[in-house]
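**Student:** What follows is model.txt, compact mmCIF, C-alpha atoms.
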```txt
# COMPACT_ATOMS: atom_id res chain seq x y z
CA MET Y 102 28.78 -1.96 23.63
CA SER Y 103 29.65 -5.55 24.22
CA PHE Y 104 29.78 -8.15 21.53
CA LYS Y 105 32.05 -10.88 20.37
CA GLY Y 106 35.17 -9.78 18.57
CA VAL Y 107 34.89 -6.12 19.62
CA ASP Y 108 38.69 -5.84 19.59
CA ASP Y 109 38.69 -6.65 15.91
CA LEU Y 110 36.36 -3.79 15.09
CA VAL Y 111 37.08 -0.08 14.89
CA HIS Y 112 34.35 2.47 15.60
CA MET Y 113 33.93 4.84 12.65
CA VAL Y 114 31.89 7.93 11.89
CA LEU Y 115 30.64 9.29 8.60
CA SER Y 116 32.82 12.35 8.04
CA ARG Y 117 32.02 13.48 4.49
CA ILE Y 118 29.49 13.04 1.72
CA MET Y 119 30.68 14.28 -1.65
CA ILE Y 120 27.87 14.41 -4.20
CA SER Y 121 28.58 15.32 -7.79
CA GLU Y 122 25.37 15.14 -9.76
CA ASN Y 123 27.22 14.81 -13.05
CA SER Y 124 28.89 11.59 -11.96
CA ASP Y 125 27.62 8.03 -11.62
CA HIS Y 126 29.83 7.59 -8.60
CA GLN Y 127 29.58 9.48 -5.36
CA ILE Y 128 31.99 9.36 -2.43
CA ILE Y 129 31.50 9.09 1.30
CA VAL Y 130 34.35 9.12 3.78
CA LEU Y 131 34.42 7.13 7.01
CA LYS Y 132 36.80 8.27 9.75
CA GLU Y 133 37.92 6.59 12.98
CA LYS Y 134 35.82 7.90 15.88
CA ASP Y 135 38.85 7.90 18.16
CA GLY Y 136 41.62 8.37 15.61
CA ASP Y 137 42.60 10.00 12.36
CA ARG Y 138 42.56 7.21 9.85
CA ASN Y 139 39.88 7.53 7.19
CA PHE Y 140 38.93 6.04 3.85
CA PRO Y 141 36.53 6.77 1.02
CA ILE Y 142 33.81 4.47 -0.30
CA VAL Y 143 32.38 4.93 -3.77
CA ILE Y 144 28.58 4.65 -3.78
CA GLY Y 145 25.62 5.29 -6.09
CA ILE Y 146 23.68 8.53 -6.34
CA GLN Y 147 20.47 7.14 -4.78
CA GLU Y 148 22.39 5.96 -1.73
CA ALA Y 149 24.33 9.24 -1.48
CA TRP Y 150 21.10 11.24 -1.58
CA ALA Y 151 19.50 8.93 0.98
CA ILE Y 152 22.47 9.38 3.35
CA ASP Y 153 22.44 13.14 2.81
CA ARG Y 154 18.70 13.30 3.56
CA ALA Y 155 19.12 11.17 6.67
CA VAL Y 156 22.01 13.33 7.95
CA LYS Y 157 20.04 16.53 7.36
CA ASN Y 158 16.74 14.99 8.44
CA ILE Y 159 15.04 16.08 5.22
CA PRO Y 160 11.70 14.34 4.63
CA THR Y 161 10.67 13.30 1.11
CA PRO Y 162 7.16 14.00 -0.19
CA ARG Y 163 6.88 10.25 -0.93
CA PRO Y 164 8.80 7.38 0.67
CA LEU Y 165 11.71 6.43 -1.59
CA THR Y 166 13.10 2.90 -1.36
CA HIS Y 167 15.47 3.58 1.55
CA ASP Y 168 12.74 5.49 3.40
CA LEU Y 169 10.40 2.53 2.92
CA MET Y 170 13.06 0.17 4.30
CA GLY Y 171 13.53 2.50 7.30
CA ASN Y 172 9.76 2.75 7.80
CA ILE Y 173 9.38 -1.05 7.77
CA ILE Y 174 12.21 -1.35 10.31
CA ASN Y 175 10.73 1.35 12.55
CA GLY Y 176 7.16 0.11 12.12
CA LEU Y 177 8.04 -3.43 13.16
CA ASP Y 178 10.20 -2.23 16.04
CA ILE Y 179 13.37 -3.72 14.61
CA GLY Y 180 16.58 -2.35 16.10
CA VAL Y 181 19.66 -1.74 13.94
CA GLU Y 182 22.38 -2.60 16.46
CA ARG Y 183 25.30 -1.69 14.26
CA ILE Y 184 26.60 -1.98 10.74
CA THR Y 185 30.06 -3.37 10.00
CA ILE Y 186 32.27 -3.01 6.95
CA ASN Y 187 33.70 -6.49 7.28
CA ASP Y 188 35.56 -7.27 4.09
CA LEU Y 189 37.43 -5.83 1.12
CA LYS Y 190 37.96 -7.93 -2.00
CA ASN Y 191 39.09 -6.66 -5.41
CA ASN Y 192 38.60 -3.05 -4.27
CA THR Y 193 35.00 -3.77 -3.26
CA PHE Y 194 33.84 -3.33 0.33
CA TYR Y 195 31.36 -5.72 1.93
CA ALA Y 196 29.17 -5.05 4.94
CA THR Y 197 26.76 -6.63 7.36
CA ILE Y 198 23.82 -5.16 9.27
CA ALA Y 199 23.10 -6.47 12.78
CA LEU Y 200 19.37 -6.35 13.51
CA LYS Y 201 17.57 -7.10 16.75
CA GLN Y 202 13.90 -7.77 17.36
CA ASN Y 203 12.14 -9.17 20.43
CA GLY Y 204 15.47 -10.29 21.87
CA SER Y 205 16.48 -12.19 18.71
CA LYS Y 206 19.49 -11.11 16.71
CA PHE Y 207 19.90 -11.38 12.98
CA GLU Y 208 22.81 -10.44 10.74
CA ILE Y 209 22.37 -9.71 7.06
CA ASP Y 210 24.72 -9.00 4.15
CA ALA Y 211 24.49 -5.61 2.49
CA ARG Y 212 26.40 -3.23 0.33
CA PRO Y 213 28.19 -0.68 2.54
CA SER Y 214 26.16 2.12 0.92
CA ASP Y 215 22.79 0.64 1.94
CA ALA Y 216 24.17 -0.29 5.37
CA ILE Y 217 25.37 3.30 5.92
CA VAL Y 218 22.00 4.70 4.78
CA LEU Y 219 20.35 2.53 7.46
CA ALA Y 220 22.93 3.43 10.11
CA THR Y 221 22.42 7.12 9.38
CA GLN Y 222 18.61 6.85 9.44
CA MET Y 223 18.62 4.85 12.69
CA LYS Y 224 21.56 6.61 14.37
CA SER Y 225 23.31 3.26 14.66
CA GLU Y 226 27.02 2.83 15.14
CA ILE Y 227 29.33 2.13 12.21
CA PHE Y 228 32.25 -0.28 12.56
CA VAL Y 229 34.96 -1.51 10.25
CA SER Y 230 37.01 -4.62 10.83
CA ARG Y 231 40.55 -3.70 11.92
CA LYS Y 232 41.94 -5.89 9.16
CA VAL Y 233 40.02 -3.96 6.47
CA LEU Y 234 40.99 -0.59 7.96
CA ASP Y 235 44.68 -1.61 8.16
CA GLU Y 236 44.53 -2.82 4.58
CA VAL Y 237 42.78 0.20 3.10
CA CYS Y 238 44.99 2.67 4.96
CA LYS Y 239 48.09 0.77 3.90
CA ILE Y 240 47.02 0.99 0.25
CA ASP Y 241 46.18 4.63 0.79
CA SER Y 242 49.71 5.55 1.91
CA MET Y 243 51.49 3.73 -0.89
CA MET W 1133 -8.49 -14.00 1.09
CA SER W 1134 -10.67 -12.28 3.61
CA PHE W 1135 -10.19 -8.75 4.74
CA LYS W 1136 -12.23 -5.67 5.29
CA GLY W 1137 -13.33 -3.84 2.20
CA VAL W 1138 -12.55 -6.71 -0.16
CA ASP W 1139 -15.42 -5.61 -2.42
CA ASP W 1140 -13.69 -2.31 -2.98
CA LEU W 1141 -10.51 -3.95 -4.22
CA VAL W 1142 -9.78 -5.55 -7.57
CA HIS W 1143 -7.22 -8.32 -7.86
CA MET W 1144 -4.53 -7.44 -10.41
CA VAL W 1145 -1.53 -9.15 -11.97
CA LEU W 1146 1.64 -7.70 -13.39
CA SER W 1147 1.23 -8.20 -17.13
CA ARG W 1148 4.12 -6.28 -18.70
CA ILE W 1149 7.45 -4.68 -17.85
CA MET W 1150 8.73 -2.31 -20.53
CA ILE W 1151 12.33 -1.30 -19.91
CA SER W 1152 13.99 1.26 -22.12
CA GLU W 1153 17.50 1.86 -20.86
CA ASN W 1154 17.71 5.21 -22.65
CA SER W 1155 14.81 6.62 -20.69
CA ASP W 1156 14.47 7.83 -17.12
CA HIS W 1157 10.98 6.41 -17.02
CA GLN W 1158 10.03 2.78 -17.36
CA ILE W 1159 6.53 1.35 -17.63
CA ILE W 1160 4.83 -1.59 -16.01
CA VAL W 1161 1.28 -2.64 -16.77
CA LEU W 1162 -1.16 -4.08 -14.24
CA LYS W 1163 -4.10 -6.07 -15.56
CA GLU W 1164 -7.24 -7.33 -13.84
CA LYS W 1165 -6.74 -10.97 -12.81
CA ASP W 1166 -10.35 -11.79 -13.74
CA GLY W 1167 -10.97 -9.17 -16.40
CA ASP W 1168 -9.48 -7.17 -19.22
CA ARG W 1169 -8.99 -3.73 -17.79
CA ASN W 1170 -5.38 -2.69 -17.44
CA PHE W 1171 -3.33 0.43 -16.81
CA PRO W 1172 0.32 1.46 -16.97
CA ILE W 1173 2.41 2.86 -14.12
CA VAL W 1174 5.55 4.87 -14.80
CA ILE W 1175 8.41 3.81 -12.53
CA GLY W 1176 12.17 4.33 -12.15
CA ILE W 1177 14.86 2.17 -13.73
CA GLN W 1178 16.08 0.68 -10.43
CA GLU W 1179 12.56 -0.47 -9.57
CA ALA W 1180 11.98 -1.80 -13.12
CA TRP W 1181 15.17 -3.83 -12.97
CA ALA W 1182 14.29 -5.11 -9.49
CA ILE W 1183 10.84 -6.24 -10.70
CA ASP W 1184 12.38 -7.85 -13.79
CA ARG W 1185 14.95 -9.73 -11.67
CA ALA W 1186 12.25 -10.86 -9.26
CA VAL W 1187 10.01 -12.11 -12.10
CA LYS W 1188 12.88 -13.98 -13.73
CA ASN W 1189 14.36 -15.07 -10.42
CA ILE W 1190 17.78 -13.67 -11.35
CA PRO W 1191 20.14 -13.34 -8.38
CA THR W 1192 22.51 -10.36 -8.11
CA PRO W 1193 26.17 -10.83 -7.17
CA ARG W 1194 25.60 -8.35 -4.34
CA PRO W 1195 22.32 -7.47 -2.64
CA LEU W 1196 20.96 -4.27 -4.16
CA THR W 1197 18.60 -2.11 -2.09
CA HIS W 1198 15.42 -3.99 -2.98
CA ASP W 1199 17.17 -7.33 -2.41
CA LEU W 1200 18.29 -6.11 1.01
CA MET W 1201 14.73 -5.08 1.85
CA GLY W 1202 13.49 -8.51 0.72
CA ASN W 1203 16.22 -10.25 2.72
CA ILE W 1204 15.31 -8.31 5.88
CA ILE W 1205 11.64 -9.23 5.40
CA ASN W 1206 12.48 -12.89 4.79
CA GLY W 1207 15.08 -13.04 7.56
CA LEU W 1208 12.70 -11.68 10.16
CA ASP W 1209 9.85 -13.88 8.97
CA ILE W 1210 7.67 -10.96 7.97
CA GLY W 1211 4.82 -11.81 5.64
CA VAL W 1212 3.79 -9.49 2.83
CA GLU W 1213 0.03 -10.11 2.84
CA ARG W 1214 -0.74 -7.95 -0.14
CA ILE W 1215 0.00 -4.63 -1.73
CA THR W 1216 -2.72 -2.19 -2.74
CA ILE W 1217 -2.70 0.70 -5.17
CA ASN W 1218 -5.10 2.75 -3.12
CA ASP W 1219 -5.10 6.26 -4.51
CA LEU W 1220 -4.48 8.40 -7.58
CA LYS W 1221 -3.90 12.13 -7.20
CA ASN W 1222 -2.53 14.50 -9.87
CA ASN W 1223 -1.59 11.53 -12.07
CA THR W 1224 0.43 9.96 -9.25
CA PHE W 1225 -0.46 6.56 -7.85
CA TYR W 1226 -0.16 5.78 -4.14
CA ALA W 1227 0.15 2.38 -2.53
CA THR W 1228 0.22 0.55 0.76
CA ILE W 1229 1.95 -2.67 1.80
CA ALA W 1230 0.21 -4.94 4.30
CA LEU W 1231 2.75 -6.78 6.45
CA LYS W 1232 2.16 -9.48 9.04
CA GLN W 1233 4.48 -10.77 11.71
CA ASN W 1234 3.75 -12.98 14.71
CA GLY W 1235 0.03 -12.44 14.27
CA SER W 1236 0.33 -8.65 14.19
CA LYS W 1237 -0.58 -6.69 11.10
CA PHE W 1238 1.01 -3.50 9.92
CA GLU W 1239 0.25 -1.32 6.93
CA ILE W 1240 2.81 1.02 5.44
CA ASP W 1241 2.77 3.66 2.70
CA ALA W 1242 4.94 3.07 -0.35
CA ARG W 1243 5.37 4.12 -3.92
CA PRO W 1244 3.60 1.59 -6.18
CA SER W 1245 6.96 0.72 -7.78
CA ASP W 1246 8.56 -0.36 -4.49
CA ALA W 1247 5.35 -2.10 -3.44
CA ILE W 1248 5.25 -4.07 -6.70
CA VAL W 1249 8.94 -5.02 -6.33
CA LEU W 1250 8.09 -6.48 -2.92
CA ALA W 1251 4.94 -8.20 -4.18
CA THR W 1252 6.93 -9.77 -7.02
CA GLN W 1253 9.76 -10.90 -4.73
CA MET W 1254 7.38 -12.35 -2.16
CA LYS W 1255 4.73 -13.67 -4.60
CA SER W 1256 2.15 -11.53 -2.84
CA GLU W 1257 -1.12 -10.49 -4.34
CA ILE W 1258 -1.58 -7.10 -5.96
CA PHE W 1259 -4.82 -5.16 -5.55
CA VAL W 1260 -6.10 -1.84 -6.76
CA SER W 1261 -9.00 0.04 -5.26
CA ARG W 1262 -12.02 -0.18 -7.53
CA LYS W 1263 -12.33 3.60 -7.42
CA VAL W 1264 -8.78 4.06 -8.76
CA LEU W 1265 -9.26 1.41 -11.45
CA ASP W 1266 -12.56 2.98 -12.58
CA GLU W 1267 -10.91 6.39 -12.66
CA VAL W 1268 -7.77 5.38 -14.55
CA CYS W 1269 -9.71 3.32 -17.10
CA LYS W 1270 -12.18 6.16 -17.61
CA ILE W 1271 -9.29 8.55 -18.34
CA ASP W 1272 -7.77 5.94 -20.61
CA SER W 1273 -10.81 5.72 -22.85
CA MET W 1274 -11.22 9.47 -23.27
```
Please lay out the structure from this file as structure tokens.
**Tutor:**
Amino acid sequence: MSFKGVDDLVHMVLSRIMISENSDHQIIVLKEKDGDRNFPIVIGIQEAWAIDRAVKNIPTPRPLTHDLMGNIINGLDIGVERITINDLKNNTFYATIALKQNGSKFEIDARPSDAIVLATQMKSEIFVSRKVLDEVCKIDSM
Amino acid sequence: MSFKGVDDLVHMVLSRIMISENSDHQIIVLKEKDGDRNFPIVIGIQEAWAIDRAVKNIPTPRPLTHDLMGNIINGLDIGVERITINDLKNNTFYATIALKQNGSKFEIDARPSDAIVLATQMKSEIFVSRKVLDEVCKIDSM
């Protein structure tokens, strides 16, 4: 991996998906790849199911929206270089998706849930900005 | 428009979106552009909202999944040539999305709901195979 600002980013892995079908809000947990800090992100049920299916490699009889997005990305040979949780404002996380195609790079805003669905489908790496991780873990230990 | 099998396709327009927030199933109606035949498609609430937002050009504070898909397609200069409702089996409609990028064409399977979200976002044309339209309008008049 080499890209600008790498020191400001921390490599994370998806460590838990907690789906409660009776709730509107589902929880995923990201954990430092080379450390112990972790934090939860609240996401919607469609995104939680899509992540769960991608982790377990479960096909759907028909392409749901996230599958369609993945199929477009695969079909047009677009690479998902990484996704980054890059901001936290008013308890809401923000993310970007770094795409690459034919040598061109393109970064796009996304909700963390959609970004993590894509990262899981494409086996892309997940990063969080050090500032966001420091902030969320500070809040966590209060 | 010129593409293979054009005689087998009928040009449609989205004529109604019926959203009932208390129901799991929403209805959109496609109508012949140059005729009176029309038929409803049952879709999910997320897709109905996404179509409604696209029709009314309402931005969301954060990109939802369909917005993200549209942003990827726009950002990478991918053209949505048309979408086609191309099959009907066991009361379920099937669709394809015809994409174009750098002179290459690519066709991808989708649920009609997702395909119509994309067509509405991108102002692409909506077609239905004549066979499907004949079939669904025959059932309708029984």
**Student:** Within 9 Å of segment 160-166 of chain Y, counting only C-alpha atoms, which residues qualify if same-chain residues fewer than 3 places away don't, as a PyMOL selection string?
**Tutor:** (chain Y and resi 151+154-155+169-172) or (chain W and resi 1179+1197-1198+1201+1226+1241-1243+1246)
**Student:** Could I have chain W as a tab-separated table (two decimals) with C-alpha atoms, in the frame of the given file after it is superimposed on chain Y by least squares, pairing all C-alpha atoms in sequence order?
**Tutor:**
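Saved result, superposed-v3.tsv, follows:
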```tsv
chain	number	residue	atom	x	y	z
W	1133	MET	CA	28.70	-1.91	23.54
W	1134	SER	CA	29.60	-5.50	24.15
W	1135	PHE	CA	29.74	-8.11	21.49
W	1136	LYS	CA	32.02	-10.85	20.35
W	1137	GLY	CA	35.13	-9.76	18.54
W	1138	VAL	CA	34.88	-6.13	19.63
W	1139	ASP	CA	38.68	-5.87	19.60
W	1140	ASP	CA	38.69	-6.64	15.92
W	1141	LEU	CA	36.36	-3.78	15.10
W	1142	VAL	CA	37.08	-0.07	14.91
W	1143	HIS	CA	34.36	2.46	15.60
W	1144	MET	CA	33.92	4.85	12.67
W	1145	VAL	CA	31.87	7.94	11.90
W	1146	LEU	CA	30.63	9.30	8.61
W	1147	SER	CA	32.81	12.36	8.05
W	1148	ARG	CA	32.02	13.49	4.50
W	1149	ILE	CA	29.48	13.03	1.72
W	1150	MET	CA	30.68	14.27	-1.66
W	1151	ILE	CA	27.87	14.41	-4.19
W	1152	SER	CA	28.58	15.30	-7.78
W	1153	GLU	CA	25.36	15.12	-9.75
W	1154	ASN	CA	27.24	14.80	-13.04
W	1155	SER	CA	28.89	11.58	-11.97
W	1156	ASP	CA	27.62	8.03	-11.61
W	1157	HIS	CA	29.83	7.59	-8.59
W	1158	GLN	CA	29.59	9.49	-5.35
W	1159	ILE	CA	32.01	9.34	-2.43
W	1160	ILE	CA	31.52	9.10	1.29
W	1161	VAL	CA	34.35	9.12	3.79
W	1162	LEU	CA	34.43	7.13	7.02
W	1163	LYS	CA	36.80	8.28	9.75
W	1164	GLU	CA	37.91	6.60	12.96
W	1165	LYS	CA	35.80	7.90	15.86
W	1166	ASP	CA	38.85	7.91	18.16
W	1167	GLY	CA	41.61	8.39	15.61
W	1168	ASP	CA	42.61	10.00	12.36
W	1169	ARG	CA	42.56	7.20	9.85
W	1170	ASN	CA	39.89	7.53	7.20
W	1171	PHE	CA	38.95	6.03	3.86
W	1172	PRO	CA	36.52	6.78	1.04
W	1173	ILE	CA	33.81	4.47	-0.29
W	1174	VAL	CA	32.37	4.94	-3.77
W	1175	ILE	CA	28.58	4.65	-3.77
W	1176	GLY	CA	25.61	5.28	-6.08
W	1177	ILE	CA	23.68	8.53	-6.33
W	1178	GLN	CA	20.47	7.14	-4.79
W	1179	GLU	CA	22.38	5.95	-1.72
W	1180	ALA	CA	24.32	9.25	-1.48
W	1181	TRP	CA	21.10	11.24	-1.57
W	1182	ALA	CA	19.50	8.92	1.00
W	1183	ILE	CA	22.48	9.37	3.36
W	1184	ASP	CA	22.43	13.14	2.82
W	1185	ARG	CA	18.68	13.31	3.57
W	1186	ALA	CA	19.13	11.16	6.67
W	1187	VAL	CA	22.00	13.33	7.96
W	1188	LYS	CA	20.05	16.53	7.37
W	1189	ASN	CA	16.76	15.00	8.46
W	1190	ILE	CA	15.04	16.07	5.23
W	1191	PRO	CA	11.71	14.33	4.63
W	1192	THR	CA	10.67	13.29	1.11
W	1193	PRO	CA	7.17	13.98	-0.20
W	1194	ARG	CA	6.88	10.26	-0.94
W	1195	PRO	CA	8.80	7.41	0.67
W	1196	LEU	CA	11.70	6.45	-1.58
W	1197	THR	CA	13.12	2.92	-1.35
W	1198	HIS	CA	15.47	3.60	1.56
W	1199	ASP	CA	12.73	5.50	3.41
W	1200	LEU	CA	10.41	2.53	2.92
W	1201	MET	CA	13.06	0.18	4.29
W	1202	GLY	CA	13.54	2.50	7.29
W	1203	ASN	CA	9.77	2.74	7.81
W	1204	ILE	CA	9.40	-1.06	7.77
W	1205	ILE	CA	12.23	-1.37	10.32
W	1206	ASN	CA	10.73	1.34	12.54
W	1207	GLY	CA	7.16	0.08	12.12
W	1208	LEU	CA	8.05	-3.44	13.16
W	1209	ASP	CA	10.21	-2.25	16.04
W	1210	ILE	CA	13.38	-3.73	14.61
W	1211	GLY	CA	16.58	-2.36	16.08
W	1212	VAL	CA	19.64	-1.74	13.94
W	1213	GLU	CA	22.37	-2.62	16.45
W	1214	ARG	CA	25.27	-1.69	14.25
W	1215	ILE	CA	26.61	-1.99	10.75
W	1216	THR	CA	30.06	-3.37	9.99
W	1217	ILE	CA	32.27	-3.01	6.96
W	1218	ASN	CA	33.70	-6.48	7.29
W	1219	ASP	CA	35.57	-7.27	4.11
W	1220	LEU	CA	37.43	-5.81	1.14
W	1221	LYS	CA	37.96	-7.92	-1.97
W	1222	ASN	CA	39.10	-6.66	-5.40
W	1223	ASN	CA	38.60	-3.05	-4.27
W	1224	THR	CA	35.00	-3.77	-3.25
W	1225	PHE	CA	33.85	-3.33	0.33
W	1226	TYR	CA	31.37	-5.72	1.94
W	1227	ALA	CA	29.17	-5.06	4.94
W	1228	THR	CA	26.76	-6.63	7.36
W	1229	ILE	CA	23.82	-5.17	9.28
W	1230	ALA	CA	23.10	-6.47	12.77
W	1231	LEU	CA	19.37	-6.35	13.52
W	1232	LYS	CA	17.57	-7.12	16.76
W	1233	GLN	CA	13.91	-7.78	17.36
W	1234	ASN	CA	12.16	-9.17	20.42
W	1235	GLY	CA	15.46	-10.31	21.86
W	1236	SER	CA	16.49	-12.18	18.71
W	1237	LYS	CA	19.49	-11.10	16.70
W	1238	PHE	CA	19.91	-11.38	12.98
W	1239	GLU	CA	22.81	-10.45	10.74
W	1240	ILE	CA	22.37	-9.71	7.07
W	1241	ASP	CA	24.72	-8.99	4.17
W	1242	ALA	CA	24.48	-5.60	2.50
W	1243	ARG	CA	26.41	-3.23	0.33
W	1244	PRO	CA	28.20	-0.68	2.55
W	1245	SER	CA	26.16	2.12	0.92
W	1246	ASP	CA	22.80	0.64	1.94
W	1247	ALA	CA	24.17	-0.28	5.36
W	1248	ILE	CA	25.38	3.28	5.93
W	1249	VAL	CA	22.00	4.69	4.80
W	1250	LEU	CA	20.36	2.53	7.47
W	1251	ALA	CA	22.94	3.42	10.12
W	1252	THR	CA	22.41	7.12	9.38
W	1253	GLN	CA	18.61	6.84	9.46
W	1254	MET	CA	18.62	4.84	12.68
W	1255	LYS	CA	21.58	6.61	14.38
W	1256	SER	CA	23.32	3.26	14.64
W	1257	GLU	CA	27.01	2.83	15.12
W	1258	ILE	CA	29.33	2.13	12.21
W	1259	PHE	CA	32.25	-0.26	12.56
W	1260	VAL	CA	34.97	-1.50	10.28
W	1261	SER	CA	37.02	-4.61	10.84
W	1262	ARG	CA	40.53	-3.69	11.92
W	1263	LYS	CA	41.92	-5.89	9.17
W	1264	VAL	CA	40.02	-3.95	6.48
W	1265	LEU	CA	41.00	-0.59	7.96
W	1266	ASP	CA	44.68	-1.60	8.16
W	1267	GLU	CA	44.53	-2.83	4.58
W	1268	VAL	CA	42.78	0.19	3.09
W	1269	CYS	CA	45.00	2.66	4.94
W	1270	LYS	CA	48.11	0.75	3.89
W	1271	ILE	CA	47.02	0.97	0.24
W	1272	ASP	CA	46.22	4.63	0.75
W	1273	SER	CA	49.73	5.52	1.85
W	1274	MET	CA	51.48	3.72	-0.99
```
**Student:** So that I can see what lies close to segment 230-240 of chain Y, please list as a ChimeraX atom specification the residues with an atom at most 12 Å from it, counting only C-alpha atoms and leaving out residues fewer than 4 positions away in the same chain.
**Tutor:** /Y:106-113,131-133,136-142,184-197
**Student:** Near segment 1153-1161 of chain W, within 10 Å and counting all atoms listed in the file, which residues show up once chain neighbours fewer than 4 positions away are dropped, as a list in words?
**Tutor:** Met1144, Val1145, Leu1146, Ser1147, Arg1148, Ile1149, Asn1170, Phe1171, Pro1172, Ile1173, Val1174, Ile1175, Gly1176, Ile1177, Gln1178, Glu1179, Ala1180, Trp1181, Ile1183, Ser1245 and Ile1248 of chain W
**Student:** Val1212 of chain W: which residues within 8 Å, counting all atoms listed in the file, same-chain residues fewer than 3 positions away excluded, as JSON, numbers by chain?
**Tutor:** {"W": [1215, 1229, 1230, 1231, 1232, 1250, 1251, 1254, 1256]}
**Student:** How far is it from atom CA of Ile1190 of chain W to atom CA of Thr1252 of chain W, in Å with one decimal?
**Tutor:**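 Value for the atom CA of Ile1190 of chain W-atom CA of Thr1252 of chain W distance: 12.3 Å.
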**Student:** What does the distance between atom CA of Asp1166 of chain W and atom CA of Pro1244 of chain W come to in Å, to one decimal place?
**Tutor:**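 Computed distance, atom CA of Asp1166 of chain W to atom CA of Pro1244 of chain W, equals 20.8 Å.
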**Student:** Between atom CA of Gln202 of chain Y and atom CA of Leu1208 of chain W, what is the distance, to one decimal in Å?
**Tutor:**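 Computing the Euclidean distance for atom CA of Gln202 of chain Y and atom CA of Leu1208 of chain W yields 8.3 Å.
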**Student:** For segment 155-166 of chain Y, supply N, CA and C atoms and report the output as a PDB file, keeping the file's coordinate frame.
**Tutor:**
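And here is the file that came out, part_37.pdb:
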```pdb
ATOM      1  N   ALA Y 155      19.187  11.683   5.292  1.00  0.00           N
ATOM      2  CA  ALA Y 155      19.120  11.170   6.670  1.00  0.00           C
ATOM      3  C   ALA Y 155      19.966  12.037   7.604  1.00  0.00           C
ATOM      4  N   VAL Y 156      21.144  12.465   7.136  1.00  0.00           N
ATOM      5  CA  VAL Y 156      22.010  13.330   7.950  1.00  0.00           C
ATOM      6  C   VAL Y 156      21.295  14.642   8.254  1.00  0.00           C
ATOM      7  N   LYS Y 157      20.671  15.207   7.224  1.00  0.00           N
ATOM      8  CA  LYS Y 157      20.040  16.530   7.360  1.00  0.00           C
ATOM      9  C   LYS Y 157      18.589  16.445   7.809  1.00  0.00           C
ATOM     10  N   ASN Y 158      18.107  15.197   7.979  1.00  0.00           N
ATOM     11  CA  ASN Y 158      16.740  14.990   8.440  1.00  0.00           C
ATOM     12  C   ASN Y 158      15.712  15.635   7.517  1.00  0.00           C
ATOM     13  N   ILE Y 159      15.935  15.496   6.233  1.00  0.00           N
ATOM     14  CA  ILE Y 159      15.040  16.080   5.220  1.00  0.00           C
ATOM     15  C   ILE Y 159      14.001  15.025   4.818  1.00  0.00           C
ATOM     16  N   PRO Y 160      12.719  15.312   5.050  1.00  0.00           N
ATOM     17  CA  PRO Y 160      11.700  14.340   4.630  1.00  0.00           C
ATOM     18  C   PRO Y 160      11.501  14.390   3.109  1.00  0.00           C
ATOM     19  N   THR Y 161      11.016  13.301   2.531  1.00  0.00           N
ATOM     20  CA  THR Y 161      10.670  13.300   1.110  1.00  0.00           C
ATOM     21  C   THR Y 161       9.147  13.346   1.009  1.00  0.00           C
ATOM     22  N   PRO Y 162       8.627  13.960  -0.057  1.00  0.00           N
ATOM     23  CA  PRO Y 162       7.160  14.000  -0.190  1.00  0.00           C
ATOM     24  C   PRO Y 162       6.572  12.583  -0.269  1.00  0.00           C
ATOM     25  N   ARG Y 163       7.335  11.643  -0.861  1.00  0.00           N
ATOM     26  CA  ARG Y 163       6.880  10.250  -0.930  1.00  0.00           C
ATOM     27  C   ARG Y 163       8.018   9.376  -0.444  1.00  0.00           C
ATOM     28  N   PRO Y 164       7.711   8.244   0.189  1.00  0.00           N
ATOM     29  CA  PRO Y 164       8.800   7.380   0.670  1.00  0.00           C
ATOM     30  C   PRO Y 164       9.582   6.785  -0.497  1.00  0.00           C
ATOM     31  N   LEU Y 165      10.868   7.102  -0.598  1.00  0.00           N
ATOM     32  CA  LEU Y 165      11.710   6.430  -1.590  1.00  0.00           C
ATOM     33  C   LEU Y 165      12.124   5.083  -1.001  1.00  0.00           C
ATOM     34  N   THR Y 166      12.856   4.290  -1.780  1.00  0.00           N
ATOM     35  CA  THR Y 166      13.100   2.900  -1.360  1.00  0.00           C
ATOM     36  C   THR Y 166      13.771   2.806   0.019  1.00  0.00           C
TER      37      THR Y 166
END
```
